[in-house]
Each structure stands twice: as C-alpha cells, then as structure tokens.
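Next comes run.csv, with CSV, C-alpha atoms and all ligand atoms.
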chain,number,residue,atom,x,y,z
O,11,MET,CA,23.5,-2.5,6.3
O,12,ARG,CA,22.0,-5.1,3.9
O,13,ARG,CA,19.6,-3.4,1.6
O,14,ARG,CA,16.4,-5.4,1.6
O,15,LYS,CA,15.2,-6.4,-1.9
O,16,VAL,CA,11.5,-5.7,-2.4
O,17,ILE,CA,8.9,-5.7,-5.2
O,18,ILE,CA,6.1,-3.2,-4.7
O,19,ASP,CA,2.8,-4.5,-6.2
O,20,CYS,CA,0.4,-1.6,-6.3
O,21,ASP,CA,-2.6,0.2,-8.0
O,22,PRO,CA,-1.4,3.9,-8.1
O,23,GLY,CA,-3.5,5.5,-6.8
O,24,ILE,CA,-2.8,8.6,-4.7
O,25,ASP,CA,-1.6,6.9,-1.5
O,26,ASP,CA,0.3,4.2,-3.6
O,27,SER,CA,2.1,7.1,-5.2
O,28,LEU,CA,3.1,8.6,-1.8
O,29,ALA,CA,4.2,5.1,-0.8
O,30,LEU,CA,6.4,4.8,-3.9
O,31,MET,CA,8.0,8.1,-3.1
O,32,LEU,CA,8.7,7.0,0.4
O,33,ALA,CA,10.1,3.6,-0.6
O,34,LEU,CA,12.4,5.1,-3.2
O,35,SER,CA,13.8,7.5,-0.6
O,36,MET,CA,14.8,4.7,1.7
O,37,GLU,CA,18.4,3.6,1.5
O,38,GLU,CA,17.6,0.4,3.3
O,39,LEU,CA,15.3,-0.8,0.5
O,40,GLU,CA,16.2,-1.9,-2.9
O,41,VAL,CA,13.1,-1.7,-5.0
O,42,THR,CA,13.8,-4.2,-7.7
O,43,GLY,CA,10.6,-3.5,-9.5
O,44,ILE,CA,7.1,-2.2,-9.4
O,45,THR,CA,4.2,-4.4,-10.6
O,46,ILE,CA,0.8,-2.9,-11.4
O,47,VAL,CA,-2.6,-4.4,-10.6
O,48,CYS,CA,-6.1,-3.1,-11.5
O,49,GLY,CA,-7.5,-1.5,-8.4
O,50,ASN,CA,-7.9,2.2,-7.8
O,51,GLY,CA,-7.8,2.6,-11.5
O,52,PRO,CA,-7.5,0.3,-14.5
O,53,VAL,CA,-4.1,-1.4,-14.9
O,54,ASP,CA,-3.0,0.8,-17.8
O,55,MET,CA,-3.8,3.9,-15.7
O,56,GLY,CA,-1.8,2.5,-12.8
O,57,PHE,CA,1.1,1.8,-15.2
O,58,SER,CA,0.9,5.4,-16.5
O,59,ASN,CA,0.8,6.9,-13.0
O,60,ALA,CA,3.7,4.8,-11.8
O,61,LYS,CA,5.8,6.1,-14.7
O,62,LYS,CA,4.9,9.7,-13.8
O,63,ILE,CA,6.1,9.1,-10.2
O,64,LEU,CA,9.3,7.3,-11.2
O,65,GLN,CA,10.1,10.0,-13.8
O,66,ARG,CA,9.6,12.7,-11.2
O,67,LEU,CA,12.0,10.9,-8.9
O,68,GLY,CA,14.5,10.2,-11.7
O,69,ARG,CA,14.1,6.5,-11.2
O,70,LEU,CA,12.9,5.2,-14.6
O,71,ASP,CA,15.7,2.7,-14.2
O,72,ILE,CA,13.3,0.6,-12.1
O,73,PRO,CA,11.1,-1.7,-14.2
O,74,ILE,CA,7.3,-1.3,-14.0
O,75,CYS,CA,5.5,-4.4,-15.1
O,76,LYS,CA,1.8,-4.5,-15.9
O,77,GLY,CA,-0.4,-7.2,-14.3
O,78,ALA,CA,-4.0,-8.2,-14.0
O,79,GLU,CA,-6.7,-6.2,-15.8
O,80,LYS,CA,-9.5,-7.7,-13.7
O,81,PRO,CA,-9.9,-9.6,-10.4
O,82,LEU,CA,-9.7,-13.4,-10.2
O,83,LYS,CA,-13.4,-13.9,-10.4
O,84,ARG,CA,-15.4,-10.8,-9.5
O,85,GLU,CA,-16.1,-8.0,-12.0
O,86,TYR,CA,-13.6,-5.2,-11.7
O,87,VAL,CA,-14.8,-2.3,-9.6
O,88,SER,CA,-12.4,0.8,-9.5
O,89,ALA,CA,-12.0,3.4,-6.8
O,90,LEU,CA,-11.9,6.3,-9.2
O,91,ASP,CA,-14.5,8.0,-7.1
O,92,THR,CA,-11.9,8.3,-4.4
O,93,HIS,CA,-8.7,8.8,-6.5
O,94,GLY,CA,-10.1,10.9,-9.4
O,95,ALA,CA,-10.6,10.3,-13.1
O,96,ASP,CA,-6.8,9.8,-13.7
O,97,ALA,CA,-6.4,7.8,-10.4
O,98,LEU,CA,-3.9,10.5,-9.4
O,99,GLY,CA,-6.2,13.1,-7.8
O,100,GLU,CA,-7.1,14.6,-11.2
O,101,SER,CA,-3.6,16.2,-11.3
O,102,PHE,CA,-3.5,15.2,-14.9
O,103,LEU,CA,0.3,15.1,-15.0
O,104,ALA,CA,2.0,14.8,-18.4
O,105,GLU,CA,2.1,11.3,-19.7
O,106,VAL,CA,5.5,9.5,-19.8
O,107,PRO,CA,5.7,7.8,-23.2
O,108,GLY,CA,6.8,4.2,-23.8
O,109,TYR,CA,8.6,2.2,-21.1
O,110,GLU,CA,6.6,-1.0,-21.8
O,111,GLN,CA,8.4,-3.9,-20.3
O,112,PRO,CA,9.0,-7.3,-22.1
O,113,ILE,CA,7.5,-9.3,-19.3
O,114,ASP,CA,4.3,-9.0,-17.3
O,115,ALA,CA,3.9,-8.7,-13.5
O,116,VAL,CA,3.7,-12.4,-12.8
O,117,GLU,CA,6.8,-13.3,-14.8
O,118,PHE,CA,8.7,-10.4,-13.2
O,119,MET,CA,7.7,-11.5,-9.7
O,120,ALA,CA,8.5,-15.1,-10.4
O,121,ARG,CA,12.0,-14.2,-11.8
O,122,GLU,CA,12.9,-12.0,-8.9
O,123,LEU,CA,11.5,-14.2,-6.1
O,124,LEU,CA,13.3,-17.3,-7.5
O,125,LYS,CA,16.6,-15.4,-7.0
O,126,GLY,CA,15.8,-15.5,-3.3
O,127,ASP,CA,16.0,-12.9,-0.5
O,128,CYS,CA,13.2,-10.9,-2.1
O,129,SER,CA,10.0,-9.6,-0.3
O,130,VAL,CA,6.7,-8.1,-1.6
O,131,ILE,CA,4.8,-5.1,-0.4
O,132,ALA,CA,1.3,-5.4,-1.7
O,133,LEU,CA,-0.6,-2.1,-1.8
O,134,GLY,CA,-3.6,-3.1,-4.0
O,135,PRO,CA,-5.9,-6.0,-4.6
O,136,MET,CA,-3.8,-9.2,-4.5
O,137,THR,CA,-4.7,-10.5,-8.0
O,138,ASN,CA,-1.1,-10.5,-9.3
O,139,LEU,CA,0.0,-12.6,-6.3
O,140,ALA,CA,-2.9,-14.9,-6.8
O,141,HIS,CA,-2.0,-15.5,-10.4
O,142,LEU,CA,1.6,-16.1,-9.3
O,143,ILE,CA,0.4,-18.8,-6.9
O,144,GLU,CA,-1.6,-20.4,-9.7
O,145,GLN,CA,1.1,-20.2,-12.4
O,146,GLN,CA,4.4,-20.5,-10.4
O,147,PRO,CA,3.7,-21.6,-6.8
O,148,GLU,CA,7.3,-22.5,-6.3
O,149,ALA,CA,8.3,-18.9,-6.9
O,150,PHE,CA,5.6,-17.5,-4.5
O,151,ALA,CA,6.9,-19.9,-1.9
O,152,ARG,CA,10.3,-18.2,-2.0
O,153,VAL,CA,8.9,-14.8,-0.9
O,154,GLU,CA,11.0,-13.7,2.1
O,155,GLU,CA,8.3,-11.5,3.6
O,156,LEU,CA,4.8,-10.4,2.5
O,157,VAL,CA,3.4,-7.1,3.8
O,158,SER,CA,-0.1,-6.2,2.6
O,159,MET,CA,-2.0,-3.0,3.0
O,160,GLY,CA,-5.5,-4.3,3.3
O,161,GLY,CA,-8.1,-5.8,5.5
O,162,ASN,CA,-9.3,-4.7,9.0
O,163,PHE,CA,-9.8,-6.3,12.4
O,164,ARG,CA,-11.9,-4.1,14.7
O,165,SER,CA,-12.1,-1.0,12.4
O,166,HIS,CA,-15.1,-0.8,10.1
O,167,GLY,CA,-14.6,-1.3,6.4
O,168,ASN,CA,-14.4,1.3,3.6
O,169,CYS,CA,-16.4,-0.6,1.0
O,170,SER,CA,-19.0,-2.2,3.2
O,171,PRO,CA,-19.5,-2.3,7.0
O,172,VAL,CA,-16.9,-5.0,7.2
O,173,ALA,CA,-14.7,-5.0,4.1
O,174,GLU,CA,-11.6,-2.9,3.0
O,175,TYR,CA,-11.2,-2.0,-0.7
O,176,ASN,CA,-8.1,-4.1,-1.6
O,177,TYR,CA,-9.6,-7.3,-0.2
O,178,TRP,CA,-13.2,-6.4,-1.3
O,179,ALA,CA,-12.1,-5.7,-4.9
O,180,ASP,CA,-10.6,-9.2,-5.3
O,181,PRO,CA,-11.7,-11.4,-2.4
O,182,ASP,CA,-10.8,-14.6,-4.2
O,183,GLY,CA,-7.3,-13.3,-4.8
O,184,ALA,CA,-6.8,-12.3,-1.2
O,185,ALA,CA,-8.4,-15.6,0.0
O,186,LEU,CA,-6.0,-17.6,-2.1
O,187,VAL,CA,-3.0,-15.7,-0.8
O,188,TYR,CA,-4.0,-16.1,2.8
O,189,ARG,CA,-4.7,-19.8,2.3
O,190,THR,CA,-1.4,-20.4,0.6
O,191,MET,CA,0.5,-18.5,3.3
O,192,ALA,CA,-1.2,-20.9,5.8
O,193,ASP,CA,-0.2,-23.9,3.7
O,194,LEU,CA,3.4,-22.7,3.6
O,195,GLY,CA,3.5,-22.1,7.4
O,196,LYS,CA,4.2,-18.4,6.7
O,197,LYS,CA,2.6,-15.2,7.9
O,198,ILE,CA,1.3,-12.2,5.9
O,199,HIS,CA,1.7,-8.9,7.7
O,200,MET,CA,-1.8,-7.3,7.5
O,201,VAL,CA,-1.4,-3.5,7.7
O,202,GLY,CA,-5.1,-2.8,7.7
O,203,LEU,CA,-7.5,0.0,8.4
O,204,ASP,CA,-7.1,-0.4,12.2
O,205,VAL,CA,-3.7,1.2,11.8
O,206,THR,CA,-3.8,3.2,8.5
O,207,ARG,CA,-6.8,5.2,9.7
O,208,ARG,CA,-4.5,6.8,12.2
O,209,ILE,CA,-2.3,8.2,9.4
O,210,VAL,CA,-4.0,11.4,8.4
O,211,LEU,CA,-2.3,13.9,6.2
O,212,THR,CA,-3.8,17.2,7.3
O,213,PRO,CA,-3.8,20.7,5.8
O,214,ASP,CA,-1.3,21.8,8.5
O,215,LEU,CA,1.0,19.0,7.7
O,216,LEU,CA,0.8,19.7,4.0
O,217,GLU,CA,1.4,23.4,4.6
O,218,TYR,CA,4.5,22.5,6.7
O,219,LEU,CA,5.8,20.3,3.9
O,220,LYS,CA,5.3,23.2,1.4
O,221,ARG,CA,7.2,25.6,3.8
O,222,LEU,CA,10.1,23.1,4.0
O,223,ASP,CA,10.2,22.3,0.3
O,224,GLY,CA,7.9,24.3,-2.0
O,225,GLU,CA,8.2,22.1,-5.1
O,226,LEU,CA,7.7,18.8,-3.2
O,227,GLY,CA,4.8,20.3,-1.2
O,228,GLU,CA,3.1,21.6,-4.3
O,229,PHE,CA,3.4,18.2,-6.0
O,230,VAL,CA,1.9,16.4,-3.0
O,231,GLN,CA,-0.9,19.0,-2.8
O,232,ALA,CA,-1.6,18.5,-6.6
O,233,ILE,CA,-2.1,14.8,-6.2
O,234,THR,CA,-4.0,14.9,-2.8
O,235,LYS,CA,-6.4,17.8,-3.3
O,236,PHE,CA,-9.1,15.5,-4.7
O,237,TYR,CA,-8.5,13.1,-1.9
O,238,PHE,CA,-8.9,15.9,0.7
O,239,ASP,CA,-12.2,16.8,-0.9
O,240,PHE,CA,-13.3,13.1,-0.9
O,241,HIS,CA,-12.6,12.7,2.8
O,242,TRP,CA,-14.5,15.9,3.6
O,243,GLN,CA,-17.5,14.9,1.4
O,244,TRP,CA,-17.8,11.4,2.7
O,245,GLU,CA,-16.4,11.4,6.2
O,246,HIS,CA,-16.4,15.1,7.2
O,247,LEU,CA,-12.7,14.5,7.8
O,248,ILE,CA,-10.4,17.5,7.3
O,249,GLY,CA,-7.4,15.8,5.8
O,250,CYS,CA,-6.9,12.4,4.0
O,251,VAL,CA,-6.0,8.9,5.2
O,252,ILE,CA,-2.8,7.9,3.5
O,253,ASN,CA,-2.9,4.1,3.9
O,254,ASP,CA,-0.2,2.7,1.7
O,255,PRO,CA,2.9,4.6,2.9
O,256,LEU,CA,2.4,3.1,6.4
O,257,ALA,CA,2.9,-0.4,4.9
O,258,VAL,CA,6.2,0.7,3.4
O,259,ALA,CA,7.3,2.4,6.6
O,260,TYR,CA,6.4,-0.8,8.6
O,261,PHE,CA,8.3,-3.0,6.2
O,262,ALA,CA,11.4,-0.8,6.8
O,263,ASP,CA,10.8,-0.5,10.6
O,264,ARG,CA,8.8,-3.2,12.3
O,265,THR,CA,8.5,-1.3,15.5
O,266,LEU,CA,6.2,1.3,13.8
O,267,CYS,CA,3.2,-1.0,14.3
O,268,GLU,CA,2.2,-3.5,16.9
O,269,GLY,CA,-0.4,-6.3,16.8
O,270,PHE,CA,-0.8,-10.0,17.2
O,271,GLU,CA,-0.6,-13.3,15.3
O,272,ALA,CA,-3.8,-15.0,14.2
O,273,TYR,CA,-5.3,-17.4,11.7
O,274,THR,CA,-7.1,-15.3,9.1
O,275,GLU,CA,-9.4,-16.0,6.1
O,276,ILE,CA,-10.9,-13.7,3.6
O,277,GLU,CA,-14.7,-14.1,2.9
O,278,THR,CA,-15.4,-14.6,-0.8
O,279,GLY,CA,-19.2,-14.3,-1.0
O,280,GLY,CA,-22.3,-13.0,0.6
O,281,ILE,CA,-23.1,-9.9,2.5
O,282,SER,CA,-19.6,-9.7,4.1
O,283,ILE,CA,-17.6,-10.4,0.9
O,284,GLY,CA,-14.0,-9.2,1.3
O,285,GLN,CA,-14.0,-9.3,5.1
O,286,SER,CA,-10.8,-10.3,6.7
O,287,VAL,CA,-12.0,-12.8,9.3
O,288,VAL,CA,-9.3,-12.7,12.0
O,289,ASP,CA,-9.5,-15.6,14.5
O,290,ALA,CA,-8.1,-13.6,17.4
O,291,GLU,CA,-9.6,-16.1,20.0
O,292,GLY,CA,-8.4,-19.3,18.3
O,293,PHE,CA,-11.8,-20.8,17.6
O,294,TYR,CA,-10.5,-22.6,14.5
O,295,ARG,CA,-7.4,-24.0,16.3
O,296,LYS,CA,-5.3,-23.3,13.2
O,297,ARG,CA,-1.7,-22.1,13.1
O,298,ALA,CA,-1.5,-18.3,12.6
O,299,ASN,CA,-1.0,-17.2,8.9
O,300,GLY,CA,-1.2,-13.5,9.7
O,301,VAL,CA,0.4,-10.8,11.8
O,302,ILE,CA,-2.5,-8.4,12.4
O,303,LEU,CA,-1.4,-4.9,13.1
O,304,THR,CA,-3.6,-2.9,15.4
O,305,ARG,CA,-1.5,-0.1,17.0
O,306,THR,CA,0.8,2.5,15.4
O,307,ASP,CA,2.4,5.8,16.3
O,308,PRO,CA,1.4,8.5,13.8
O,309,LEU,CA,4.1,10.9,15.0
O,310,ARG,CA,6.8,8.4,14.4
O,311,PHE,CA,5.4,7.6,11.0
O,312,PHE,CA,5.3,11.3,9.9
O,313,LYS,CA,8.8,11.9,11.2
O,314,MET,CA,10.0,9.1,9.0
O,315,PHE,CA,7.8,10.1,6.0
O,316,PHE,CA,8.8,13.8,6.1
O,317,GLY,CA,12.4,13.1,7.0
O,318,ARG,CA,12.9,10.7,4.1
O,319,LEU,CA,11.0,12.7,1.5
O,320,LEU,CA,12.8,15.9,2.5
O,321,LYS,CA,16.1,14.1,3.1
O,322,VAL,CA,16.5,15.8,6.5
O,323,ASP,CA,17.2,14.5,10.0
O,324,GLU,CA,14.0,13.8,11.9
O,325,GLN,CA,15.4,15.9,14.7
O,326,GLU,CA,14.9,19.0,12.5
O,327,LEU,CA,11.2,18.3,12.2
O,328,ASP,CA,10.3,19.6,15.6
O,329,LEU,CA,7.0,21.2,14.5
O,330,LEU,CA,5.6,17.7,13.8
O,331,GLU,CA,5.0,17.2,17.5
O,332,LYS,CA,2.4,19.9,17.4
O,333,LEU,CA,0.9,19.2,13.9
O,334,VAL,CA,0.4,15.4,13.9
O,335,ARG,CA,-3.0,14.3,15.0
O,336,SER,CA,-2.5,11.7,17.8
O,401,LIG,O1,-8.5,0.6,1.3
O,401,LIG,C1,-7.4,1.4,1.0
O,401,LIG,C2,-6.6,0.8,-0.1
O,401,LIG,O2,-7.3,0.6,-1.3
O,401,LIG,C3,-5.3,1.6,-0.4
O,401,LIG,O3,-4.3,0.8,-0.8
O,401,LIG,C4,-5.8,2.4,-1.6
O,401,LIG,O4,-4.8,2.8,-2.5
O,401,LIG,C5,-6.7,1.4,-2.3
O,401,LIG,O5,-5.8,0.5,-3.1
O,402,CA,CA,-3.4,1.0,-3.1
Can you present the structure in this file as structure tokens?
Ligand code: RIB
Ligand code: CA
Amino acid sequence: MRRRKVIIDCDPGIDDSLALMLALSMEELEVTGITIVCGNGPVDMGFSNAKKILQRLGRLDIPICKGAEKPLKREYVSALDTHGADALGESFLAEVPGYEQPIDAVEFMARELLKGDCSVIALGPMTNLAHLIEQQPEAFARVEELVSMGGNFRSHGNCSPVAEYNYWADPDGAALVYRTMADLGKKIHMVGLDVTRRIVLTPDLLEYLKRLDGELGEFVQAITKFYFDFHWQWEHLIGCVINDPLAVAYFADRTLCEGFEAYTEIETGGISIGQSVVDAEGFYRKRANGVILTRTDPLRFFKMFFGRLLKVDEQELDLLEKLVRS
C-alpha cells in the first residue's frame, strides 16, 4: 500500500488535536509535517498545543512549522470561547520546550509540495495556503489533493446564520484558495458543517473509550470537557461536535462521505461574510472547483476513529452500534 504524503495545516484546537491523533494512527498516511495557523487560538498557542499532542504520541520527529499570526485582511478573531483559554479545553497540559523549526509554514509547504505527490488537509482558516499562493504559486499548484474542514452548504453557520468559523475567520484567504483551485482546474474537498455536525462525541462514547483504554479515555476527556460544556451552554447538545477528525477520515477513505461537485466562492464582505456560496444549480455556468460533502455515516466514522486510536479491529467495537447517534 502506498502511504499517502500529507501536510496537516491546523489551529489546535480541541478537534484539531483529535484529528492529529487519528492521522498519526493511520498507517496509510505519512504526515510529513504539521503547519500552524492562527484560528481557534493564536499561532503560538497552536504551536504549543501541537507539540503537546505529538509528544504524547511520541512523534516529535514530525516537524511543526508556525504560520500566519493574523488573517489575510480581517482582524484576527479567535475561538477561545469554544476551545478554552489554552485552546485545548483548559486541560493546561505541561508545555513542551523548544522545538522551533528553522522554516515557517509557507516555506515548509512549498518545499514539500514541490517534491510532488503531497496533499494538504486544512483544518483551520486557510491563511497559510493563501500566503503560499501569493508567494509560491507554482508550489501550491503541485498539491495532489486539498481537503478542507470548513464551510457549509444547507447547514446553518456557527459564526453567523450562514458562515462557518474557518471560512469566516479568514474569508479572503478562503476565497483566494477557492479561486485559485478554479483557475487550476482542480477541486477542493469541502468537509463542511453539513457532514461534521453528524459527528458527535457523546458521554456514552467517551465512557466506552475510557472502559477500553483508561489512559487514552482520560486524556480525551481532559481536552474535551470544556467543549462538552460549551455545546450544552450554547446548543443544549449533550456531547460535542468533533469536526476536524472527519476531514482526516475522509481523506483516508473517500467512501466515508458523499456529495456533489459544484462551483463555489467564498463571500468576503457584508452581512454574509465567510459564507461558502455553493452553485449547486449551475447558475454561474462555471466549472466545478469543489467537491461538496453532504452525507456521512457517523457509525462508520466512529468505528474508524476508535479502532485506529485504540489499535483494535473495528469488529471488536460492537457496542458502537448502540452508542453512536445516527
Ligand atoms: O467550524 C469548525 C472549525 O473551526 C473546526 O476546524 C474548529 O477546530 C475550528 O477551527
Ligand atoms: Ca480546526
């Protein structure tokens, strides 16, 4: 099996951290590096949290390169209200000293993409990718596949009635990426809220994880408790939506999500700033630049997620049939 080379561009972040744990448990992926963008937390906080996750996994061999400290044009607006003061659920894990890399996120992305056969999974605002397009467009053009957790089609936004955080936080960055993919005749895979809202980590699922592996379960509980409280406070949801791991799972197994191809632009101003405007009906008569995912199977996702994190065969996880919210 050819291991697929991938860069994970992220803003860890509670669900980003779960996504990193999933990606690094997958034999079929070769995570060549992690690039950090300002998003859920400031870029230095994201760098610090990525180190904590990699140290826990014994994978500090993987470079983590810092990127944008602010969006392309908008003022930076964090999501610390959702992810906690440390952007890791106020778990306040011990800092991992040092580990600064000699190159920044854009230089790292350019170097890896120019080698060829390398994809990107973007789990935060797409500011780093936008800077790469501005500074080294020939490197961006080499991206094998681009999967983005972001946007929404028919599902309502989480930052406004129509906008999802990653695209709302840096709409100009997202718009440039979508425009450039259109110019290149390529398609970005939009793993948006229409599918990620189906992926709910519930207290029962967390308890099951703890029963199967106490240490892992306690760690996941430590970084998600704040997120559970946020979802109860703001959505009266008992559980938490873990968006980013679905993008990683979909990258590894395309059959996890279904959708359609469409031309898509990102609104960069006005009341609907950050909205992913999906031309599902073909009004603009433009070639599709997006694969818009609209359906997924939460049970299949959690079988993959638990199976990989626990390193067990999915067949052993029979209780998931009863626990996963359909
Ligand atoms: O809207 C959800 C997305 O914004 C997730 O990637 C979350 O981590 C935040 O970055
Ligand atoms: Ca994220």
Which residues, written as a list in words, have at least one atom at most 9 Å from stretch 84-97 of chain O, with all atoms listed in the file counted and residues fewer than 5 positions away on the same chain left out?
->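 Result of the neighbour search: Asp21, Pro22, Gly23, Ile24, Asp25, Cys48, Gly49, Asn50, Gly51, Pro52, Met55, Gly56, Asn59, Glu79, Phe102, Leu103, Tyr175, Ala179, Asp180, Pro181, Asp182, Ile233, Thr234, Phe236, Tyr237, Phe240 and His241 of chain O.
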Worksheet item: Looking at all atoms listed in the file, which of O:Lys296, O:Lys321, O:His166, O:Arg13 is the one that sits closest to ligand LIG 401 (chain O)?
Response: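 Under the stated criterion, the closest residue is O:His166.
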Atomic separation - atom CA of O:Pro135 relative to atom CA of O:Leu203, Å: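 Atom CA of O:Leu203 sits 14.4 Å away from atom CA of O:Pro135.
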Contact residues around O:Phe270 with all atoms listed in the file at 7 Å, ignoring same-chain residues under 5 positions, as a VMD selection string = chain O and resid 301 to 303
Using only C-alpha atoms, the shortest atom-to-atom distance to O:Gly167 among O:Pro308, O:Pro255, O:Gly284, O:Gly43 belongs to O:Gly284
Expected answer as number ranges by chain: all residues with atoms within 12 Å of (-6.0, 5.3, 8.9), all atoms listed in the file
O: 25, 159-162, 165-168, 174, 201-211, 241, 247, 249-257, 303-308, 311, 335-336
message: Restricting the calculation to only C-alpha atoms and all ligand atoms: of O:Glu144, O:Leu320, O:Leu186, O:Ala132, which residue gets closest to ligand LIG 401 (chain O)?
response: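 Distance minimum relative to ligand LIG 401 (chain O) lands on O:Ala132.
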Selection as a PyMOL selection string: residues within 6 Å of (6.7, -5.3, 2.0), counting all atoms listed in the file = chain O and resi 129-131+156-157+261
The residue from O:Ser158, O:Ser170, O:Asn138, O:Thr190 with the smallest atom-to-atom distance to ligand CA 402 (chain O), counting all atoms listed in the file, is O:Ser158
If you count all atoms listed in the file, the residue of O:Ile283, O:Phe57, O:Thr42, O:Leu319 closest to O:Asp71 turns out to be O:Thr42
Counting only C-alpha atoms, the residue among O:Asp127, O:Trp244, O:Trp178, O:Tyr218 that lies closest to O:Gly280 is O:Trp178
task: Could you please determine the separation between atom CA of O:Ala33 and atom CA of O:Arg318 in Å, to one decimal place?
output: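 Atom CA of O:Arg318 lies 9.0 Å from atom CA of O:Ala33.
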Hey, what's within 10 Å of O:Gly126 if we count only C-alpha atoms and toss same-chain stuff fewer than 4 positions away? As an NGL selection string, please? :O and (15 or 121-122 or 149 or 152-154)
Do you have the atom CA of O:Val258-atom CA of O:Leu133 distance handy?
->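 Atom-to-atom, atom CA of O:Val258 and atom CA of O:Leu133 are spaced 9.0 Å apart.
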| message | I'd like the neighbourhood of O:Ala115 as a list of chain:residue names, where a residue qualifies if any of its atoms comes within 6 Å (using only C-alpha atoms), though same-chain residues fewer than 5 positions away should be ignored. | response |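 Close residues of O:Ala115: O:Thr45, O:Cys75, O:Lys76, O:Gly77.
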Rebuild stretch 255-263 of chain O so that it carries all heavy atoms, then output the result as a PDB file, keeping the file's coordinate frame.
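See rebuild-v2.pdb below for the written result:
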ATOM      1  N   PRO O 255       1.524   4.357   2.413  1.00  0.00           N
ATOM      2  CA  PRO O 255       2.900   4.600   2.900  1.00  0.00           C
ATOM      3  C   PRO O 255       3.158   3.968   4.278  1.00  0.00           C
ATOM      4  O   PRO O 255       4.308   3.621   4.567  1.00  0.00           O
ATOM      5  CB  PRO O 255       2.881   6.173   3.080  1.00  0.00           C
ATOM      6  CG  PRO O 255       1.864   6.650   2.088  1.00  0.00           C
ATOM      7  CD  PRO O 255       0.789   5.594   2.088  1.00  0.00           C
ATOM      8  N   LEU O 256       2.122   3.717   5.084  1.00  0.00           N
ATOM      9  CA  LEU O 256       2.400   3.100   6.400  1.00  0.00           C
ATOM     10  C   LEU O 256       2.880   1.632   6.168  1.00  0.00           C
ATOM     11  O   LEU O 256       3.747   1.158   6.913  1.00  0.00           O
ATOM     12  CB  LEU O 256       1.111   3.042   7.248  1.00  0.00           C
ATOM     13  CG  LEU O 256       1.295   2.403   8.651  1.00  0.00           C
ATOM     14  CD1 LEU O 256       2.315   3.191   9.487  1.00  0.00           C
ATOM     15  CD2 LEU O 256      -0.043   2.299   9.389  1.00  0.00           C
ATOM     16  N   ALA O 257       2.382   0.958   5.135  1.00  0.00           N
ATOM     17  CA  ALA O 257       2.900  -0.400   4.900  1.00  0.00           C
ATOM     18  C   ALA O 257       4.343  -0.404   4.499  1.00  0.00           C
ATOM     19  O   ALA O 257       5.108  -1.270   4.946  1.00  0.00           O
ATOM     20  CB  ALA O 257       2.031  -1.038   3.742  1.00  0.00           C
ATOM     21  N   VAL O 258       4.752   0.586   3.727  1.00  0.00           N
ATOM     22  CA  VAL O 258       6.200   0.700   3.400  1.00  0.00           C
ATOM     23  C   VAL O 258       7.012   1.031   4.604  1.00  0.00           C
ATOM     24  O   VAL O 258       8.051   0.409   4.858  1.00  0.00           O
ATOM     25  CB  VAL O 258       6.367   1.795   2.291  1.00  0.00           C
ATOM     26  CG1 VAL O 258       7.843   2.143   2.102  1.00  0.00           C
ATOM     27  CG2 VAL O 258       5.760   1.342   0.958  1.00  0.00           C
ATOM     28  N   ALA O 259       6.522   1.970   5.395  1.00  0.00           N
ATOM     29  CA  ALA O 259       7.300   2.400   6.600  1.00  0.00           C
ATOM     30  C   ALA O 259       7.409   1.182   7.560  1.00  0.00           C
ATOM     31  O   ALA O 259       8.486   0.941   8.126  1.00  0.00           O
ATOM     32  CB  ALA O 259       6.556   3.530   7.283  1.00  0.00           C
ATOM     33  N   TYR O 260       6.326   0.421   7.696  1.00  0.00           N
ATOM     34  CA  TYR O 260       6.400  -0.800   8.600  1.00  0.00           C
ATOM     35  C   TYR O 260       7.314  -1.816   8.072  1.00  0.00           C
ATOM     36  O   TYR O 260       8.051  -2.448   8.836  1.00  0.00           O
ATOM     37  CB  TYR O 260       4.940  -1.341   8.694  1.00  0.00           C
ATOM     38  CG  TYR O 260       4.877  -2.695   9.360  1.00  0.00           C
ATOM     39  CD1 TYR O 260       4.995  -2.837  10.738  1.00  0.00           C
ATOM     40  CD2 TYR O 260       4.715  -3.861   8.604  1.00  0.00           C
ATOM     41  CE1 TYR O 260       4.948  -4.085  11.352  1.00  0.00           C
ATOM     42  CE2 TYR O 260       4.668  -5.109   9.196  1.00  0.00           C
ATOM     43  CZ  TYR O 260       4.785  -5.222  10.567  1.00  0.00           C
ATOM     44  OH  TYR O 260       4.753  -6.460  11.168  1.00  0.00           O
ATOM     45  N   PHE O 261       7.352  -2.000   6.749  1.00  0.00           N
ATOM     46  CA  PHE O 261       8.300  -3.000   6.200  1.00  0.00           C
ATOM     47  C   PHE O 261       9.731  -2.602   6.559  1.00  0.00           C
ATOM     48  O   PHE O 261      10.550  -3.458   6.885  1.00  0.00           O
ATOM     49  CB  PHE O 261       8.159  -3.026   4.658  1.00  0.00           C
ATOM     50  CG  PHE O 261       9.107  -3.993   3.998  1.00  0.00           C
ATOM     51  CD1 PHE O 261       8.850  -5.355   4.001  1.00  0.00           C
ATOM     52  CD2 PHE O 261      10.278  -3.545   3.403  1.00  0.00           C
ATOM     53  CE1 PHE O 261       9.740  -6.253   3.404  1.00  0.00           C
ATOM     54  CE2 PHE O 261      11.180  -4.435   2.814  1.00  0.00           C
ATOM     55  CZ  PHE O 261      10.900  -5.783   2.820  1.00  0.00           C
ATOM     56  N   ALA O 262      10.006  -1.286   6.515  1.00  0.00           N
ATOM     57  CA  ALA O 262      11.400  -0.800   6.800  1.00  0.00           C
ATOM     58  C   ALA O 262      11.656  -0.812   8.309  1.00  0.00           C
ATOM     59  O   ALA O 262      12.788  -1.056   8.729  1.00  0.00           O
ATOM     60  CB  ALA O 262      11.575   0.576   6.242  1.00  0.00           C
ATOM     61  N   ASP O 263      10.632  -0.552   9.127  1.00  0.00           N
ATOM     62  CA  ASP O 263      10.800  -0.500  10.600  1.00  0.00           C
ATOM     63  C   ASP O 263       9.673  -1.137  11.290  1.00  0.00           C
ATOM     64  O   ASP O 263       8.611  -0.549  11.497  1.00  0.00           O
ATOM     65  CB  ASP O 263      10.942   0.991  11.027  1.00  0.00           C
ATOM     66  CG  ASP O 263      11.138   1.113  12.548  1.00  0.00           C
ATOM     67  OD1 ASP O 263      11.063   0.067  13.249  1.00  0.00           O
ATOM     68  OD2 ASP O 263      11.344   2.237  13.028  1.00  0.00           O
TER      69      ASP O 263
END
